[in-house]
Structure formats: structure tokens, C-alpha cells
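J.: Sharing entry_28.txt below, compact mmCIF, N, CA and C atoms:
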# COMPACT_ATOMS: atom_id res chain seq x y z
N MET Z 1193 106.27 106.97 102.76
CA MET Z 1193 106.45 105.92 101.78
C MET Z 1193 106.14 106.51 100.41
N GLY Z 1194 107.00 106.25 99.46
CA GLY Z 1194 106.78 106.74 98.10
C GLY Z 1194 105.72 105.92 97.39
N SER Z 1195 105.25 106.43 96.27
CA SER Z 1195 104.16 105.77 95.56
C SER Z 1195 104.55 104.39 95.03
N ILE Z 1196 105.77 104.23 94.55
CA ILE Z 1196 106.21 102.93 94.04
C ILE Z 1196 106.35 101.95 95.21
N ALA Z 1197 106.88 102.41 96.33
CA ALA Z 1197 106.99 101.55 97.51
C ALA Z 1197 105.61 101.14 98.01
N LEU Z 1198 104.67 102.06 97.98
CA LEU Z 1198 103.30 101.74 98.39
C LEU Z 1198 102.67 100.72 97.44
N LEU Z 1199 102.90 100.86 96.16
CA LEU Z 1199 102.38 99.90 95.19
C LEU Z 1199 102.98 98.51 95.43
N ARG Z 1200 104.28 98.44 95.61
CA ARG Z 1200 104.94 97.16 95.90
C ARG Z 1200 104.38 96.54 97.17
N GLN Z 1201 104.23 97.35 98.22
CA GLN Z 1201 103.71 96.84 99.48
C GLN Z 1201 102.29 96.32 99.33
N THR Z 1202 101.49 96.98 98.51
CA THR Z 1202 100.12 96.53 98.28
C THR Z 1202 100.11 95.17 97.59
N TYR Z 1203 100.96 94.98 96.58
CA TYR Z 1203 101.06 93.67 95.94
C TYR Z 1203 101.49 92.59 96.94
N LEU Z 1204 102.47 92.91 97.77
CA LEU Z 1204 102.94 91.94 98.76
C LEU Z 1204 101.84 91.61 99.77
N ASP Z 1205 101.15 92.64 100.26
CA ASP Z 1205 100.06 92.42 101.21
C ASP Z 1205 98.93 91.60 100.59
N ALA Z 1206 98.59 91.90 99.36
CA ALA Z 1206 97.51 91.17 98.68
C ALA Z 1206 97.88 89.71 98.48
N ASP Z 1207 99.14 89.44 98.11
CA ASP Z 1207 99.59 88.05 97.97
C ASP Z 1207 99.52 87.33 99.31
N TRP Z 1208 99.98 87.99 100.37
CA TRP Z 1208 99.92 87.39 101.69
C TRP Z 1208 98.47 87.11 102.10
N TYR Z 1209 97.59 88.09 101.89
CA TYR Z 1209 96.19 87.95 102.29
C TYR Z 1209 95.51 86.81 101.52
N ALA Z 1210 95.82 86.69 100.25
CA ALA Z 1210 95.21 85.63 99.43
C ALA Z 1210 95.65 84.25 99.88
N SER Z 1211 96.87 84.13 100.39
CA SER Z 1211 97.37 82.82 100.78
C SER Z 1211 97.23 82.54 102.28
N ALA Z 1212 96.74 83.51 103.04
CA ALA Z 1212 96.62 83.33 104.50
C ALA Z 1212 95.48 82.37 104.84
N ASN Z 1213 95.78 81.46 105.71
CA ASN Z 1213 94.76 80.52 106.19
C ASN Z 1213 94.00 81.09 107.38
N ASP Z 1214 94.63 81.98 108.10
CA ASP Z 1214 94.01 82.58 109.28
C ASP Z 1214 93.10 83.72 108.86
N ARG Z 1215 91.83 83.53 108.96
CA ARG Z 1215 90.87 84.59 108.59
C ARG Z 1215 90.25 85.19 109.85
N SER Z 1216 91.11 85.53 110.81
CA SER Z 1216 90.61 86.14 112.04
C SER Z 1216 90.21 87.60 111.81
N PHE Z 1217 90.55 88.13 110.66
CA PHE Z 1217 90.12 89.48 110.30
C PHE Z 1217 89.79 89.51 108.82
N GLN Z 1218 89.08 90.54 108.42
CA GLN Z 1218 88.69 90.68 107.01
C GLN Z 1218 89.20 92.04 106.52
N ASP Z 1219 89.85 92.03 105.38
CA ASP Z 1219 90.34 93.25 104.76
C ASP Z 1219 89.63 93.41 103.42
N LEU Z 1220 88.62 94.25 103.39
CA LEU Z 1220 87.82 94.42 102.18
C LEU Z 1220 88.62 95.03 101.04
N SER Z 1221 89.58 95.87 101.36
CA SER Z 1221 90.40 96.49 100.32
C SER Z 1221 91.25 95.45 99.59
N LEU Z 1222 91.89 94.57 100.36
CA LEU Z 1222 92.72 93.54 99.74
C LEU Z 1222 91.87 92.49 99.03
N GLU Z 1223 90.70 92.20 99.56
CA GLU Z 1223 89.79 91.28 98.87
C GLU Z 1223 89.38 91.84 97.52
N SER Z 1224 89.05 93.12 97.49
CA SER Z 1224 88.67 93.77 96.23
C SER Z 1224 89.85 93.81 95.27
N TRP Z 1225 91.04 94.14 95.79
CA TRP Z 1225 92.27 94.17 94.98
C TRP Z 1225 92.48 92.81 94.31
N ASN Z 1226 92.39 91.75 95.10
CA ASN Z 1226 92.62 90.41 94.58
C ASN Z 1226 91.53 89.99 93.59
N ALA Z 1227 90.30 90.42 93.84
CA ALA Z 1227 89.19 90.04 92.96
C ALA Z 1227 89.27 90.72 91.60
N ASN Z 1228 90.02 91.81 91.51
CA ASN Z 1228 90.07 92.58 90.27
C ASN Z 1228 91.40 92.46 89.53
N GLN Z 1229 92.16 91.44 89.79
CA GLN Z 1229 93.47 91.29 89.17
C GLN Z 1229 93.41 90.94 87.68
N GLU Z 1230 92.27 90.51 87.20
CA GLU Z 1230 92.14 90.18 85.78
C GLU Z 1230 91.85 91.41 84.92
N LEU Z 1231 91.54 92.53 85.54
CA LEU Z 1231 91.28 93.75 84.79
C LEU Z 1231 92.59 94.33 84.26
N PRO Z 1232 92.53 95.08 83.16
CA PRO Z 1232 93.76 95.74 82.67
C PRO Z 1232 94.28 96.72 83.73
N ARG Z 1233 95.59 96.78 83.84
CA ARG Z 1233 96.22 97.68 84.81
C ARG Z 1233 96.82 98.86 84.06
N ILE Z 1234 96.38 100.04 84.41
CA ILE Z 1234 96.87 101.25 83.75
C ILE Z 1234 97.72 102.03 84.74
N PHE Z 1235 98.92 102.36 84.31
CA PHE Z 1235 99.86 103.11 85.14
C PHE Z 1235 100.09 104.46 84.47
N GLU Z 1236 99.71 105.53 85.14
CA GLU Z 1236 99.95 106.87 84.60
C GLU Z 1236 101.30 107.35 85.12
N ALA Z 1237 102.27 107.41 84.21
CA ALA Z 1237 103.63 107.80 84.57
C ALA Z 1237 103.72 109.32 84.63
N GLY Z 1238 104.08 109.85 85.78
CA GLY Z 1238 104.18 111.29 85.96
C GLY Z 1238 105.43 111.89 85.34
N ASP Z 1239 106.41 111.05 85.08
CA ASP Z 1239 107.62 111.51 84.40
C ASP Z 1239 108.20 110.34 83.62
N LYS Z 1240 109.19 110.64 82.80
CA LYS Z 1240 109.72 109.61 81.90
C LYS Z 1240 110.33 108.43 82.65
N TYR Z 1241 110.90 108.65 83.83
CA TYR Z 1241 111.53 107.56 84.56
C TYR Z 1241 110.52 106.69 85.30
N SER Z 1242 109.31 107.17 85.49
CA SER Z 1242 108.28 106.35 86.12
C SER Z 1242 107.91 105.17 85.24
N ILE Z 1243 108.12 105.29 83.95
CA ILE Z 1243 107.88 104.16 83.04
C ILE Z 1243 108.81 103.01 83.41
N LEU Z 1244 110.07 103.32 83.66
CA LEU Z 1244 111.03 102.29 84.02
C LEU Z 1244 110.73 101.71 85.40
N ARG Z 1245 110.28 102.57 86.31
CA ARG Z 1245 109.90 102.09 87.64
C ARG Z 1245 108.70 101.15 87.55
N ALA Z 1246 107.71 101.53 86.75
CA ALA Z 1246 106.52 100.70 86.58
C ALA Z 1246 106.90 99.35 85.98
N ASP Z 1247 107.80 99.36 85.01
CA ASP Z 1247 108.23 98.11 84.40
C ASP Z 1247 108.94 97.21 85.41
N LYS Z 1248 109.72 97.81 86.29
CA LYS Z 1248 110.42 97.02 87.31
C LYS Z 1248 109.43 96.36 88.27
N VAL Z 1249 108.41 97.10 88.69
CA VAL Z 1249 107.37 96.53 89.56
C VAL Z 1249 106.61 95.43 88.82
N ALA Z 1250 106.28 95.68 87.56
CA ALA Z 1250 105.55 94.69 86.77
C ALA Z 1250 106.37 93.41 86.64
N ASP Z 1251 107.65 93.52 86.39
CA ASP Z 1251 108.52 92.34 86.29
C ASP Z 1251 108.58 91.59 87.62
N GLU Z 1252 108.66 92.33 88.70
CA GLU Z 1252 108.77 91.71 90.02
C GLU Z 1252 107.54 90.87 90.36
N PHE Z 1253 106.36 91.34 89.93
CA PHE Z 1253 105.13 90.65 90.31
C PHE Z 1253 104.48 89.90 89.14
N GLY Z 1254 105.19 89.82 88.00
CA GLY Z 1254 104.69 89.05 86.87
C GLY Z 1254 103.42 89.58 86.25
N ILE Z 1255 103.34 90.89 86.13
CA ILE Z 1255 102.15 91.52 85.56
C ILE Z 1255 102.54 92.43 84.40
N GLN Z 1256 101.56 92.95 83.71
CA GLN Z 1256 101.79 93.90 82.62
C GLN Z 1256 100.97 95.16 82.90
N TYR Z 1257 101.53 96.30 82.61
CA TYR Z 1257 100.82 97.57 82.72
C TYR Z 1257 100.61 98.16 81.34
N ILE Z 1258 99.51 98.84 81.19
CA ILE Z 1258 99.32 99.78 80.09
C ILE Z 1258 99.82 101.10 80.67
N ILE Z 1259 100.86 101.64 80.07
CA ILE Z 1259 101.50 102.82 80.64
C ILE Z 1259 101.13 104.06 79.84
N ALA Z 1260 100.56 105.02 80.53
CA ALA Z 1260 100.26 106.33 79.93
C ALA Z 1260 101.40 107.26 80.32
N GLY Z 1261 102.19 107.65 79.34
CA GLY Z 1261 103.35 108.49 79.61
C GLY Z 1261 103.01 109.96 79.65
N ASP Z 1262 104.03 110.76 79.89
CA ASP Z 1262 103.84 112.21 79.99
C ASP Z 1262 104.26 112.95 78.73
N GLY Z 1263 104.67 112.21 77.70
CA GLY Z 1263 105.05 112.85 76.44
C GLY Z 1263 106.54 113.01 76.24
N ARG Z 1264 107.31 112.67 77.24
CA ARG Z 1264 108.77 112.81 77.14
C ARG Z 1264 109.48 111.46 77.03
N GLU Z 1265 108.73 110.43 76.70
CA GLU Z 1265 109.30 109.08 76.62
C GLU Z 1265 110.37 108.97 75.55
N TYR Z 1266 110.27 109.79 74.52
CA TYR Z 1266 111.25 109.75 73.43
C TYR Z 1266 112.66 110.01 73.96
N GLN Z 1267 112.78 110.66 75.10
CA GLN Z 1267 114.09 110.98 75.65
C GLN Z 1267 114.81 109.75 76.23
N ILE Z 1268 114.05 108.68 76.49
CA ILE Z 1268 114.66 107.49 77.08
C ILE Z 1268 114.29 106.23 76.29
N LEU Z 1269 114.11 106.36 74.99
CA LEU Z 1269 113.71 105.21 74.18
C LEU Z 1269 114.69 104.05 74.29
N GLU Z 1270 115.97 104.35 74.35
CA GLU Z 1270 116.96 103.28 74.46
C GLU Z 1270 116.80 102.52 75.78
N ASP Z 1271 116.53 103.24 76.86
CA ASP Z 1271 116.30 102.58 78.15
C ASP Z 1271 115.02 101.75 78.12
N ILE Z 1272 114.01 102.24 77.44
CA ILE Z 1272 112.75 101.50 77.32
C ILE Z 1272 112.98 100.22 76.52
N ARG Z 1273 113.77 100.31 75.46
CA ARG Z 1273 114.10 99.11 74.68
C ARG Z 1273 114.77 98.04 75.54
N LYS Z 1274 115.61 98.47 76.46
CA LYS Z 1274 116.37 97.55 77.31
C LYS Z 1274 115.49 96.79 78.30
N THR Z 1275 114.23 97.21 78.47
CA THR Z 1275 113.36 96.51 79.41
C THR Z 1275 113.02 95.12 78.89
N GLY Z 1276 113.23 94.88 77.58
CA GLY Z 1276 112.99 93.56 77.02
C GLY Z 1276 111.56 93.29 76.65
N GLU Z 1277 110.69 94.24 76.80
CA GLU Z 1277 109.29 94.03 76.42
C GLU Z 1277 109.20 94.02 74.90
N GLU Z 1278 108.45 93.07 74.38
CA GLU Z 1278 108.26 92.98 72.94
C GLU Z 1278 106.95 93.64 72.53
N ASN Z 1279 106.89 94.07 71.28
CA ASN Z 1279 105.68 94.66 70.72
C ASN Z 1279 105.17 95.82 71.56
N ARG Z 1280 106.07 96.59 72.07
CA ARG Z 1280 105.67 97.74 72.88
C ARG Z 1280 105.28 98.88 71.95
N SER Z 1281 104.13 99.42 72.20
CA SER Z 1281 103.66 100.57 71.45
C SER Z 1281 103.53 101.73 72.42
N ILE Z 1282 104.10 102.84 72.07
CA ILE Z 1282 104.02 104.02 72.92
C ILE Z 1282 103.17 105.05 72.21
N THR Z 1283 102.26 105.63 72.93
CA THR Z 1283 101.45 106.71 72.40
C THR Z 1283 101.87 107.99 73.09
N PHE Z 1284 102.37 108.93 72.31
CA PHE Z 1284 102.73 110.22 72.85
C PHE Z 1284 101.50 111.12 72.76
N TYR Z 1285 101.14 111.74 73.85
CA TYR Z 1285 100.00 112.64 73.86
C TYR Z 1285 100.50 114.08 73.86
N ARG Z 1286 99.78 114.91 73.15
CA ARG Z 1286 100.15 116.32 73.15
C ARG Z 1286 98.92 117.14 73.51
N LEU Z 1287 99.15 118.25 74.16
CA LEU Z 1287 98.06 119.11 74.56
C LEU Z 1287 97.53 119.88 73.36
N GLY Z 1288 96.22 120.08 73.35
CA GLY Z 1288 95.61 120.91 72.32
C GLY Z 1288 95.88 122.37 72.62
N GLU Z 1289 95.66 123.21 71.64
CA GLU Z 1289 95.88 124.64 71.83
C GLU Z 1289 95.00 125.18 72.94
N GLY Z 1290 95.57 125.99 73.81
CA GLY Z 1290 94.82 126.63 74.87
C GLY Z 1290 94.46 125.70 76.02
N GLU Z 1291 94.98 124.48 76.02
CA GLU Z 1291 94.62 123.53 77.07
C GLU Z 1291 95.82 123.12 77.91
N LYS Z 1292 96.87 123.87 77.84
CA LYS Z 1292 98.08 123.46 78.54
C LYS Z 1292 97.91 123.46 80.06
N ASP Z 1293 96.98 124.25 80.59
CA ASP Z 1293 96.75 124.27 82.02
C ASP Z 1293 95.56 123.41 82.42
N ALA Z 1294 94.76 122.97 81.46
CA ALA Z 1294 93.51 122.27 81.77
C ALA Z 1294 93.74 120.95 82.46
N GLY Z 1295 94.75 120.22 82.03
CA GLY Z 1295 94.96 118.87 82.57
C GLY Z 1295 95.68 118.84 83.89
N ALA Z 1296 96.41 119.87 84.21
CA ALA Z 1296 97.18 119.94 85.45
C ALA Z 1296 97.98 118.66 85.69
N GLY Z 1297 98.57 118.12 84.62
CA GLY Z 1297 99.44 116.97 84.77
C GLY Z 1297 98.76 115.62 84.65
N THR Z 1298 97.48 115.57 84.33
CA THR Z 1298 96.81 114.29 84.15
C THR Z 1298 96.27 114.20 82.74
N ILE Z 1299 96.13 113.00 82.23
CA ILE Z 1299 95.65 112.84 80.87
C ILE Z 1299 94.15 113.09 80.76
N SER Z 1300 93.44 113.10 81.87
CA SER Z 1300 91.99 113.24 81.81
C SER Z 1300 91.56 114.61 81.27
N GLY Z 1301 92.35 115.65 81.48
CA GLY Z 1301 91.96 116.98 81.04
C GLY Z 1301 92.51 117.37 79.69
N TRP Z 1302 93.19 116.48 79.01
CA TRP Z 1302 93.84 116.82 77.76
C TRP Z 1302 92.93 116.63 76.58
N ASN Z 1303 93.12 117.46 75.58
CA ASN Z 1303 92.57 117.20 74.26
C ASN Z 1303 93.61 116.34 73.58
N LEU Z 1304 93.36 115.06 73.54
CA LEU Z 1304 94.41 114.13 73.14
C LEU Z 1304 94.64 114.14 71.64
N GLY Z 1305 95.82 114.54 71.26
CA GLY Z 1305 96.28 114.40 69.89
C GLY Z 1305 97.32 113.31 69.92
N LYS Z 1306 97.06 112.19 69.29
CA LYS Z 1306 97.94 111.04 69.43
C LYS Z 1306 99.04 111.03 68.38
N LEU Z 1307 100.21 110.69 68.82
CA LEU Z 1307 101.35 110.45 67.95
C LEU Z 1307 101.84 109.05 68.30
N ASP Z 1308 101.51 108.07 67.50
CA ASP Z 1308 101.88 106.68 67.81
C ASP Z 1308 103.21 106.32 67.19
N CYS Z 1309 103.94 105.47 67.87
CA CYS Z 1309 105.17 104.95 67.32
C CYS Z 1309 105.42 103.57 67.89
N ARG Z 1310 106.22 102.80 67.22
CA ARG Z 1310 106.63 101.49 67.71
C ARG Z 1310 108.14 101.53 67.91
N ILE Z 1311 108.58 100.87 68.97
CA ILE Z 1311 110.03 100.80 69.19
C ILE Z 1311 110.45 99.35 69.25
Represent the structure of the file as C-alpha cells.
T.:
Amino acid sequence: MGSIALLRQTYLDADWYASANDRSFQDLSLESWNANQELPRIFEAGDKYSILRADKVADEFGIQYIIAGDGREYQILEDIRKTGEENRSITFYRLGEGEKDAGAGTISGWNLGKLDCRI
């Protein structure tokens, strides 16, 4: 199962668990998931198209994500505009000098130099 399919399945399972009347079993993971739905949701997009996938999942389940992109979002700005989200702000992150291998693809290891733009 791919990561987006797993995310969708988790939302579906959590909705089912929240509305189930039969409590013959307890699922602590889904209980915790449901209890934390008011927290901000951050989606780290591994590539530029994951932003569009995240938006599709968010639309399906009526939620909003804070999306951390990989820096190549400028290549699909027109597609991002078509998602219909208003007041979208994208922050492009760039690696600091000598740190190109430090993050290994995650934002946690980056020396974040922000380039903000509005579309």
C-alpha cells in the first residue's frame, strides 16, 4: 500500500471507529488519531506532485494541511493555483552551504533559508 493510500485508509478507519457503536474491541491508535484532529496537520511533500496528492486527500476528508514542499513547487504553480485554495502561501526552502547531504531529504536537517511567495 502506498503512503497516500495508507493515509486515506487511516482517515476512513478513524471515521468508522468514531461512529461505531460496537465497542467489542479497543484501538488505541485510532482513539489517539481521533483525539488529535484539532491539531495542525503538517504534510511533508517528498516531491512536487505530492502537494497535489495531499490537497486531494484534504479535499476528500474536509481538512487542511500545512504543506512543507521540497523546493520545486515553482515548477507546478499553475497546477497549485487550480486546486482552488485561497490565500495559499508557499515557502521555498533552500539548503545552506555545505549542508546538501545533512538533511537526506527531510526539512529537519536543513539550514532553512526561506524564500516566501504568494500565488
J.: Quick check, in Å to one decimal: how far apart do atom N of Ala1212 in chain Z and atom N of Glu1252 in chain Z lie?
T.: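 Atom N of Glu1252 in chain Z lies at a distance of 20.6 Å from atom N of Ala1212 in chain Z.
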J.: So how many Å separate CA of Asp1219 in chain Z and atom C of Asp1205 in chain Z, to one decimal?
T.: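 These two atoms are separated by 9.7 Å.
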J.: Might you pull out every residue within 12 Å of Trp1225 in chain Z, with only C-alpha atoms counted and same-chain residues fewer than 3 positions away left off, and present them as a list in words?
T.: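 Residues near the query, excluding close chain neighbours: Leu1199, Thr1202, Tyr1203, Leu1204, Asp1205, Ala1206, Asp1207, Tyr1209, Ala1210, Asp1219, Leu1220, Ser1221, Leu1222, Asn1228, Gln1229, Glu1230, Leu1231 and Arg1233 of chain Z.
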J.: Point out the residue among Z:Ile1258, Z:Asp1251, Z:Gly1263, Z:Ser1211 with the least atom-to-atom distance to Thr1275 in chain Z, counting only C-alpha atoms.
T.: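 Of Z:Ile1258, Z:Asp1251, Z:Gly1263, Z:Ser1211, the one nearest Thr1275 in chain Z, counting only C-alpha atoms, is Z:Asp1251.
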J.: Could you check the closest approach to Asp1271 in chain Z for each of Z:Leu1244, Z:Phe1235, Z:Gln1201, Z:Asn1226 and tell me which residue wins, using only N, CA and C atoms?
T.: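 Closest to Asp1271 in chain Z, using only N, CA and C atoms: Z:Leu1244.
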J.: Expressed in Å to a single decimal, how great is the separation between CA of Ile1234 in chain Z and CA of Ile1259 in chain Z?
T.: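 According to the coordinates, CA of Ile1234 in chain Z and CA of Ile1259 in chain Z are separated by 5.8 Å.
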J.: Which is closer to Glu1265 in chain Z than all the others in Z:Arg1245, Z:Ala1250, Z:Asp1239, Z:Arg1215, using only C-alpha atoms?
T.: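 Of Z:Arg1245, Z:Ala1250, Z:Asp1239, Z:Arg1215, the one nearest Glu1265 in chain Z is Z:Asp1239, counting only C-alpha atoms.
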J.: Would you give the centre and edge lengths, in Å to one decimal, of a box along x, y and z around the listed atoms of range 1242-1248 of chain Z, with 6 Å added to each side, as AutoDock Vina command-line options?
T.:
--center_x 108.8 --center_y 101.8 --center_z 85.7 --size_x 16.5 --size_y 22.8 --size_z 17.2
J.: Within 10 Å of Ile1272 in chain Z, counting only C-alpha atoms, which residues qualify if same-chain residues fewer than 3 places away don't, as a ChimeraX atom specification?
T.: /Z:1240-1241,1243-1244,1247,1265-1269,1275-1277,1280,1311
